[in-house]
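Pasting data_0.txt here (compact mmCIF, C-alpha atoms):
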# COMPACT_ATOMS: atom_id res chain seq x y z
CA GLU A 1 112.05 107.01 110.85
CA LYS A 2 108.30 106.86 110.36
CA ARG A 3 107.32 103.40 109.16
CA ILE A 4 104.15 101.43 108.63
CA ASN A 5 103.27 97.78 108.06
CA LEU A 6 100.58 97.28 105.41
CA CYS A 7 99.07 93.79 105.53
CA ILE A 8 97.76 94.20 102.00
CA ALA A 9 96.67 90.59 101.40
CA LYS A 10 94.03 88.62 103.26
CA HIS A 11 95.07 85.23 101.87
CA CYS A 12 98.14 83.11 102.53
CA PHE A 13 99.82 79.93 101.32
CA LEU A 14 100.30 78.78 104.92
CA THR A 15 98.18 78.30 108.02
CA CYS A 16 100.37 79.30 110.96
CA LYS A 17 99.41 78.22 114.48
CA GLY A 18 100.81 81.42 115.96
CA CYS A 19 99.64 83.88 113.27
CA TYR A 20 99.19 87.40 114.68
CA ASN A 21 97.29 88.77 111.69
CA VAL A 22 93.70 89.93 112.03
CA PHE A 23 92.21 88.53 108.84
CA CYS A 24 89.38 90.57 107.38
CA GLU A 25 86.40 89.31 105.40
CA ASN A 26 86.04 92.64 103.57
CA GLU A 27 87.48 93.21 100.11
CA GLU A 28 91.19 94.01 99.96
CA ILE A 29 91.99 97.69 99.66
CA SER A 30 92.83 98.66 96.09
CA GLY A 31 96.35 99.30 94.91
CA ASP A 32 95.39 102.82 93.81
CA LYS A 33 94.22 103.70 97.33
CA ILE A 34 97.40 102.24 98.83
CA ILE A 35 99.59 104.38 96.58
CA GLU A 36 97.43 107.47 97.15
CA PHE A 37 97.89 107.12 100.90
CA LEU A 38 101.62 106.41 100.66
CA SER A 39 102.13 109.45 98.38
CA TYR A 40 100.60 111.67 101.04
CA ALA A 41 102.37 109.92 103.90
CA LYS A 42 105.76 110.33 102.16
CA LYS A 43 105.22 114.10 102.10
CA LYS A 44 104.47 113.95 105.83
CA GLY A 45 107.66 112.08 106.71
CA LEU A 46 106.99 108.41 106.01
CA SER A 47 110.29 106.76 105.14
CA LYS A 48 109.54 103.02 105.12
CA VAL A 49 106.67 100.69 104.31
CA THR A 50 106.55 96.93 104.82
CA PHE A 51 104.08 94.99 102.71
CA SER A 52 102.91 91.82 104.40
CA GLY A 53 99.73 89.78 104.70
CA GLY A 54 98.55 87.08 104.50
CA ASP A 55 101.04 86.93 101.68
CA PRO A 56 101.45 89.85 99.25
CA LEU A 57 102.18 87.39 96.45
CA THR A 58 98.49 86.41 96.47
CA ARG A 59 97.68 89.87 95.05
CA LYS A 60 97.59 90.15 91.26
CA ASP A 61 98.53 93.83 91.34
CA LEU A 62 101.64 93.48 93.51
CA SER A 63 104.08 94.31 90.70
CA LYS A 64 102.21 97.53 89.96
CA ILE A 65 102.18 98.53 93.64
CA LEU A 66 105.95 97.93 93.92
CA SER A 67 106.59 99.90 90.74
CA GLU A 68 104.61 102.89 92.03
CA CYS A 69 106.42 102.75 95.37
CA LYS A 70 109.75 102.92 93.57
CA LYS A 71 108.65 106.23 92.04
CA LEU A 72 107.91 107.58 95.52
CA SER A 73 111.48 106.85 96.69
CA VAL A 74 110.24 105.27 99.91
CA LYS A 75 112.02 102.29 101.48
CA VAL A 76 110.09 99.09 100.78
CA ASN A 77 110.26 95.74 102.52
CA LEU A 78 108.27 92.85 101.09
CA ASP A 79 107.47 90.16 103.68
CA THR A 80 106.44 86.95 101.96
CA VAL A 81 106.98 83.22 102.12
CA GLY A 82 108.05 83.63 98.50
CA LEU A 83 106.58 80.35 97.29
CA THR A 84 105.30 81.66 93.94
CA PHE A 85 108.78 82.90 93.11
CA THR A 86 109.56 79.29 92.17
CA LYS A 87 106.24 77.95 90.85
CA ALA A 88 102.44 78.31 90.92
CA ARG A 89 100.79 77.56 94.27
CA LYS A 90 97.36 77.07 95.78
CA ILE A 91 95.75 79.09 98.54
CA PRO A 92 94.63 76.29 100.92
CA SER A 93 91.57 78.09 102.29
CA LEU A 94 90.19 78.78 98.80
CA ASN A 95 91.74 76.00 96.71
CA ILE A 96 92.61 78.70 94.18
CA LYS A 97 95.84 78.61 92.20
CA VAL A 98 98.13 81.63 92.13
CA ASP A 99 100.40 81.78 89.09
CA LYS A 100 104.17 81.85 89.36
CA PHE A 101 105.47 85.38 90.01
CA LEU A 102 107.33 86.23 86.82
CA ASP A 103 108.14 89.91 87.31
CA ILE A 104 111.36 89.49 89.29
CA ASN A 105 112.50 92.87 87.89
CA SER A 106 109.83 94.57 90.00
CA LEU A 107 111.84 93.58 93.07
CA ASP A 108 114.56 96.05 92.04
CA GLY A 109 112.71 98.74 93.97
CA VAL A 110 112.49 96.62 97.11
CA ASP A 111 115.11 97.20 99.80
CA TYR A 112 114.61 93.77 101.37
CA VAL A 113 112.53 90.73 100.57
CA GLY A 114 111.65 89.26 103.97
CA ILE A 115 111.61 85.44 104.00
CA PRO A 116 110.59 83.42 107.08
CA LEU A 117 112.88 80.72 108.43
CA ASP A 118 112.00 79.40 111.88
CA GLY A 119 114.08 76.25 112.00
CA SER A 120 116.94 74.26 110.51
CA ASN A 121 114.70 71.39 109.35
CA ASN A 122 111.11 70.82 108.35
CA GLY A 123 110.21 69.23 111.68
CA ILE A 124 110.97 72.42 113.57
CA VAL A 125 109.57 74.76 110.91
CA SER A 126 106.26 72.87 110.84
CA LYS A 127 105.75 73.32 114.58
CA PHE A 128 104.74 76.90 113.83
CA ARG A 129 103.96 77.13 110.10
CA ILE A 130 101.52 74.63 108.62
CA TYR A 131 102.02 73.67 104.98
CA ASP A 132 101.21 70.60 102.91
CA GLY A 133 104.77 69.69 102.00
CA ASP A 134 108.41 70.30 102.88
CA LEU A 135 108.23 74.01 103.70
CA PHE A 136 111.86 74.11 104.86
CA GLY A 137 113.02 72.75 101.51
CA GLU A 138 110.71 75.13 99.64
CA ILE A 139 112.12 78.13 101.51
CA LEU A 140 115.68 77.08 100.68
CA SER A 141 114.65 76.91 97.01
CA VAL A 142 113.30 80.46 97.30
CA LEU A 143 116.55 81.64 98.91
CA ASN A 144 118.55 79.97 96.12
CA LEU A 145 116.52 81.83 93.49
CA LEU A 146 116.86 85.19 95.25
CA ASP A 147 120.58 84.55 95.71
CA LYS A 148 120.94 83.86 92.00
CA ASN A 149 119.15 87.12 91.18
CA CYS A 150 121.12 89.19 93.73
CA ILE A 151 117.99 90.25 95.63
CA ASN A 152 118.65 91.55 99.14
CA VAL A 153 117.00 89.29 101.70
CA CYS A 154 116.07 89.74 105.33
CA VAL A 155 115.42 86.42 107.04
CA ASN A 156 112.63 86.69 109.62
CA THR A 157 112.58 84.22 112.51
CA VAL A 158 109.84 84.01 115.11
CA LEU A 159 111.54 82.78 118.28
CA HIS A 160 109.37 80.41 120.32
CA LYS A 161 109.58 77.35 122.55
CA HIS A 162 110.22 74.89 119.74
CA ASN A 163 113.13 76.66 118.03
CA LEU A 164 114.81 78.36 120.98
CA LYS A 165 117.70 75.88 120.90
CA ASP A 166 117.92 75.89 117.10
CA LEU A 167 119.05 79.48 116.49
CA GLU A 168 122.70 78.62 115.95
CA ASN A 169 121.72 76.08 113.28
CA ILE A 170 119.56 78.68 111.52
CA TYR A 171 122.46 81.13 111.69
CA ASN A 172 124.75 78.61 109.99
CA ILE A 173 122.21 78.03 107.20
CA ILE A 174 121.56 81.66 106.33
CA ASN A 175 125.28 82.48 106.32
CA LYS A 176 125.60 80.27 103.24
CA TYR A 177 123.63 82.82 101.20
CA ASP A 178 125.25 86.02 99.93
CA CYS A 179 121.79 87.51 99.39
CA VAL A 180 120.93 87.43 103.11
CA LYS A 181 122.04 90.80 104.46
CA LYS A 182 119.88 90.98 107.57
CA TRP A 183 118.36 88.62 110.12
CA GLN A 184 115.44 89.73 112.27
CA ILE A 185 114.55 87.61 115.29
CA PHE A 186 111.14 88.32 116.78
CA GLN A 187 110.03 87.19 120.21
CA PHE A 188 106.71 85.37 119.77
CA MET A 189 103.73 87.64 120.44
CA PRO A 190 100.49 86.03 121.73
CA ILE A 191 98.22 88.32 119.73
CA GLY A 192 95.55 87.81 117.10
CA SER A 193 93.02 85.00 117.26
CA LEU A 194 95.53 82.21 116.61
CA GLY A 195 98.47 83.74 118.42
CA SER A 196 96.47 84.16 121.62
CA LYS A 197 94.72 80.80 121.28
CA ASN A 198 98.01 78.91 120.99
CA ALA A 199 100.09 81.11 123.30
CA LYS A 200 101.07 78.29 125.68
CA MET A 201 102.61 76.37 122.80
CA PHE A 202 104.98 79.16 121.82
CA VAL A 203 105.53 81.86 124.46
CA ILE A 204 109.07 82.29 125.79
CA ASP A 205 110.00 84.59 128.66
CA ASP A 206 112.14 87.69 128.37
CA LYS A 207 115.18 86.02 129.94
CA ASP A 208 115.22 83.25 127.33
CA PHE A 209 114.95 85.90 124.62
CA ASP A 210 117.79 87.97 126.08
CA ASP A 211 120.00 84.87 126.52
CA ALA A 212 119.44 83.93 122.88
CA LYS A 213 120.41 87.45 121.84
CA LEU A 214 123.70 87.27 123.76
CA LYS A 215 124.55 83.87 122.32
CA ILE A 216 123.90 84.74 118.68
CA ASN A 217 125.62 88.12 118.86
CA SER A 218 128.71 86.39 120.25
CA LEU A 219 128.76 84.04 117.24
CA ASN A 220 128.30 86.68 114.56
CA ASP A 221 131.73 87.35 113.06
CA LYS A 222 130.38 88.29 109.63
CA GLU A 223 128.76 91.37 108.11
CA LEU A 224 125.29 89.99 108.75
CA VAL A 225 123.07 92.56 110.47
CA ILE A 226 121.13 90.89 113.29
CA ASN A 227 118.18 92.62 114.95
CA PHE A 228 116.43 91.13 117.97
CA LYS A 229 112.95 92.57 118.48
CA SER A 230 111.17 91.88 121.75
CA ALA A 231 107.42 91.44 122.02
CA ALA A 232 107.13 94.51 124.24
CA GLU A 233 109.04 96.67 121.76
CA ARG A 234 106.91 95.60 118.82
CA ALA A 235 103.60 96.04 120.63
CA LYS A 236 104.57 99.60 121.50
CA ASN A 237 106.02 100.73 118.18
CA TYR A 238 104.39 98.83 115.33
CA MET A 239 101.31 100.16 113.59
CA LEU A 240 99.57 97.62 111.36
CA VAL A 241 97.10 98.16 108.55
CA ASN A 242 94.87 95.22 107.70
CA SER A 243 93.90 94.13 104.19
CA ALA A 244 90.80 96.36 104.22
CA GLY A 245 92.84 99.42 105.20
CA LEU A 246 92.12 99.67 108.94
CA ALA A 247 95.13 101.06 110.87
CA TYR A 248 95.59 99.76 114.39
CA ARG A 249 98.04 98.91 117.15
CA VAL A 250 97.64 95.94 119.49
CA ASP A 251 99.26 95.40 122.89
CA LEU A 252 100.28 92.12 124.52
CA ASN A 253 96.87 91.81 126.18
CA ASN A 254 95.20 91.93 122.76
CA ASN A 255 93.81 95.40 123.36
CA VAL A 256 93.37 97.14 120.00
CA VAL A 257 93.58 100.87 119.34
CA SER A 258 92.32 101.99 115.92
CA PHE A 259 93.51 105.09 114.08
CA GLY A 260 91.22 105.12 111.06
CA ASN A 261 91.34 103.67 107.57
CA ILE A 262 93.86 104.55 104.87
CA ALA A 263 91.00 104.52 102.35
CA ASP A 264 89.51 107.50 104.23
CA LYS A 265 91.48 110.71 103.62
CA SER A 266 90.12 112.25 106.81
CA SER A 267 92.04 109.56 108.76
CA TRP A 268 95.39 110.13 107.12
CA ASP A 269 96.84 112.72 109.48
CA ASN A 270 95.77 110.78 112.57
CA ILE A 271 97.41 107.63 111.21
CA ILE A 272 100.62 109.37 110.19
CA ASN A 273 100.92 111.38 113.41
CA ASN A 274 100.78 108.15 115.42
CA LEU A 275 103.51 106.37 113.46
CA SER A 276 106.83 105.70 115.16
How would this structure read if it were set down as structure tokens?
Amino acid sequence: EKRINLCIAKHCFLTCKGCYNVFCENEEISGDKIIEFLSYAKKKGLSKVTFSGGDPLTRKDLSKILSECKKLSVKVNLDTVGLTFTKARKIPSLNIKVDKFLDINSLDGVDYVGIPLDGSNNGIVSKFRIYDGDLFGEILSVLNLLDKNCINVCVNTVLHKHNLKDLENIYNIINKYDCVKKWQIFQFMPIGSLGSKNAKMFVIDDKDFDDAKLKINSLNDKELVINFKSAAERAKNYMLVNSAGLAYRVDLNNNVVSFGNIADKSSWDNIINNLS
């Protein structure tokens, strides 16, 4: 299936040491331009879009974007920490408050809400994701809310040096939630300004990743779908679009190939033809 990852928000509630995102100073691309591009891309074979960031919940027009995507009948994943599902939060870099996300009904058109969980306690979680508070506890509160509202969840775990031996504990936690239908485990990628800067803190080799895959798959006796995604696989197959609309792919040496901007109609075919 043709899929694309739109990093539609340039702000986040966290400051992650291994963040791979290329944050852009330019204004975020408008919701209208996002939908215009996706409408065209759907006709050309696009089947799935993942909205990420930053954090999409920092955008005021997120509900409208999700509603329009539902009309397009395209698969939608929403990758977010989910913190404003439970209460208003501040963006640390701006000291600006984002109101509580009240339009839970807009998630009806979302196939999966992706929630990060990188450890079985706050000590492990905070090795990678920086937050002023008990992020582990906050994420469990988000999962409880989504469970209550029967929202399909995909838990996303970045596998790195500090949580390599904690996967079984994470598995036991997420199996308590009926809403969690899928678990994606990503090998840490040393890309982006922070990811490359802090690579030595987090990089694991391919053997460790493969061993973890064998162990977890041997434990899984439930209907939970588990996908392990290696760094090499993601670098080859994932096209990203930053918050200003620039489409690009980055390899493990931080070499970037650009395909145009989704705000520019003349770039659309080149972007779509290079999707995988």
(message) as number ranges by chain, please: the residues near segment 113-130 of chain A (cut-off 7 Å, all atoms listed in the file, same-chain neighbours under 3 positions excluded).
(response) A: 14-18, 77-82, 110, 134-136, 152-158, 162-163, 166, 169-170
(message) Residues within 9 Å of Ile29 of chain A, please, as a ChimeraX atom specification. Count all atoms listed in the file; anything in the same chain fewer than 5 positions from it doesn't count.
(response) /A:8-9,34,242-245,262-263
(message) With all atoms listed in the file as the counted atoms, please give the residues lying no more than 12 Å from Lys222 of chain A, apart from itself and same-chain residues fewer than 6 positions off, as a list in words.
(response) Tyr171, Asn172, Ile174, Asn175, Lys176, Asp178, Val180, Lys181, Lys182 and Ile216 of chain A
(request) Would you please work out which residue, of A:Leu72, A:Ile104, A:Trp183, A:Lys165, is nearest to Asn217 of chain A when using all atoms listed in the file? (result)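 When distances to Asn217 of chain A are compared using all atoms listed in the file, the smallest one comes from A:Trp183.
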(request) Excluding Asn261 of chain A and any residue of its chain fewer than 5 positions from it, enumerate the residues within 10 Å of it, using all atoms listed in the file, and give them as a PyMOL selection string. (result) chain A and resi 29+37+241-242+244-248+266-268+270-271
(request) Name the closest residue to Glu36 of chain A among the candidates A:Asn144, A:Ser106, A:Phe51, A:Glu68; distances are taken between atoms, counting only C-alpha atoms. (result)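 Of the candidates, the smallest distance to Glu36 of chain A is held by A:Glu68.
Atom CA of Leu159 of chain A to atom CA of Ile185 of chain A spans 6.4 Å [interatomic distance, one decimal].
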(message) Show me, as JSON, numbers by chain, the residues that have an atom within 8 Å of Cys179 of chain A when counting all atoms listed in the file, minus same-chain residues fewer than 4 positions from it.
(response) {"A": [143, 146, 147, 150, 151, 152, 153]}
(message) When you count all atoms listed in the file, which of these residues is closest to Lys197 of chain A: A:Asn254, A:Val76, A:Leu94, A:Ile65?
(response)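 Once distances to Lys197 of chain A are computed over all atoms listed in the file, the minimum belongs to A:Asn254.
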(request) May I ask which of the residues A:Lys44, A:Arg234, A:Lys148, A:Lys215 is the closest one to Gln187 of chain A, counting all atoms listed in the file? (result)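 Under the stated criterion, the closest residue is A:Arg234.
Restricting the calculation to only C-alpha atoms, the smallest distance between Leu140 of chain A and any of A:Phe85, A:Lys48, A:Ile91, A:Asp103 is found for A:Phe85.
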(request) State, in Å with one decimal place, the distance from atom CA of Lys71 of chain A to atom CA of Gly109 of chain A. (result)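 Between these atoms lies a distance of 8.7 Å.
Closest approach to Cys19 of chain A among A:Leu164, A:Leu102, A:Ile35, A:Ile191 is made by A:Ile191 (distances from all atoms listed in the file).
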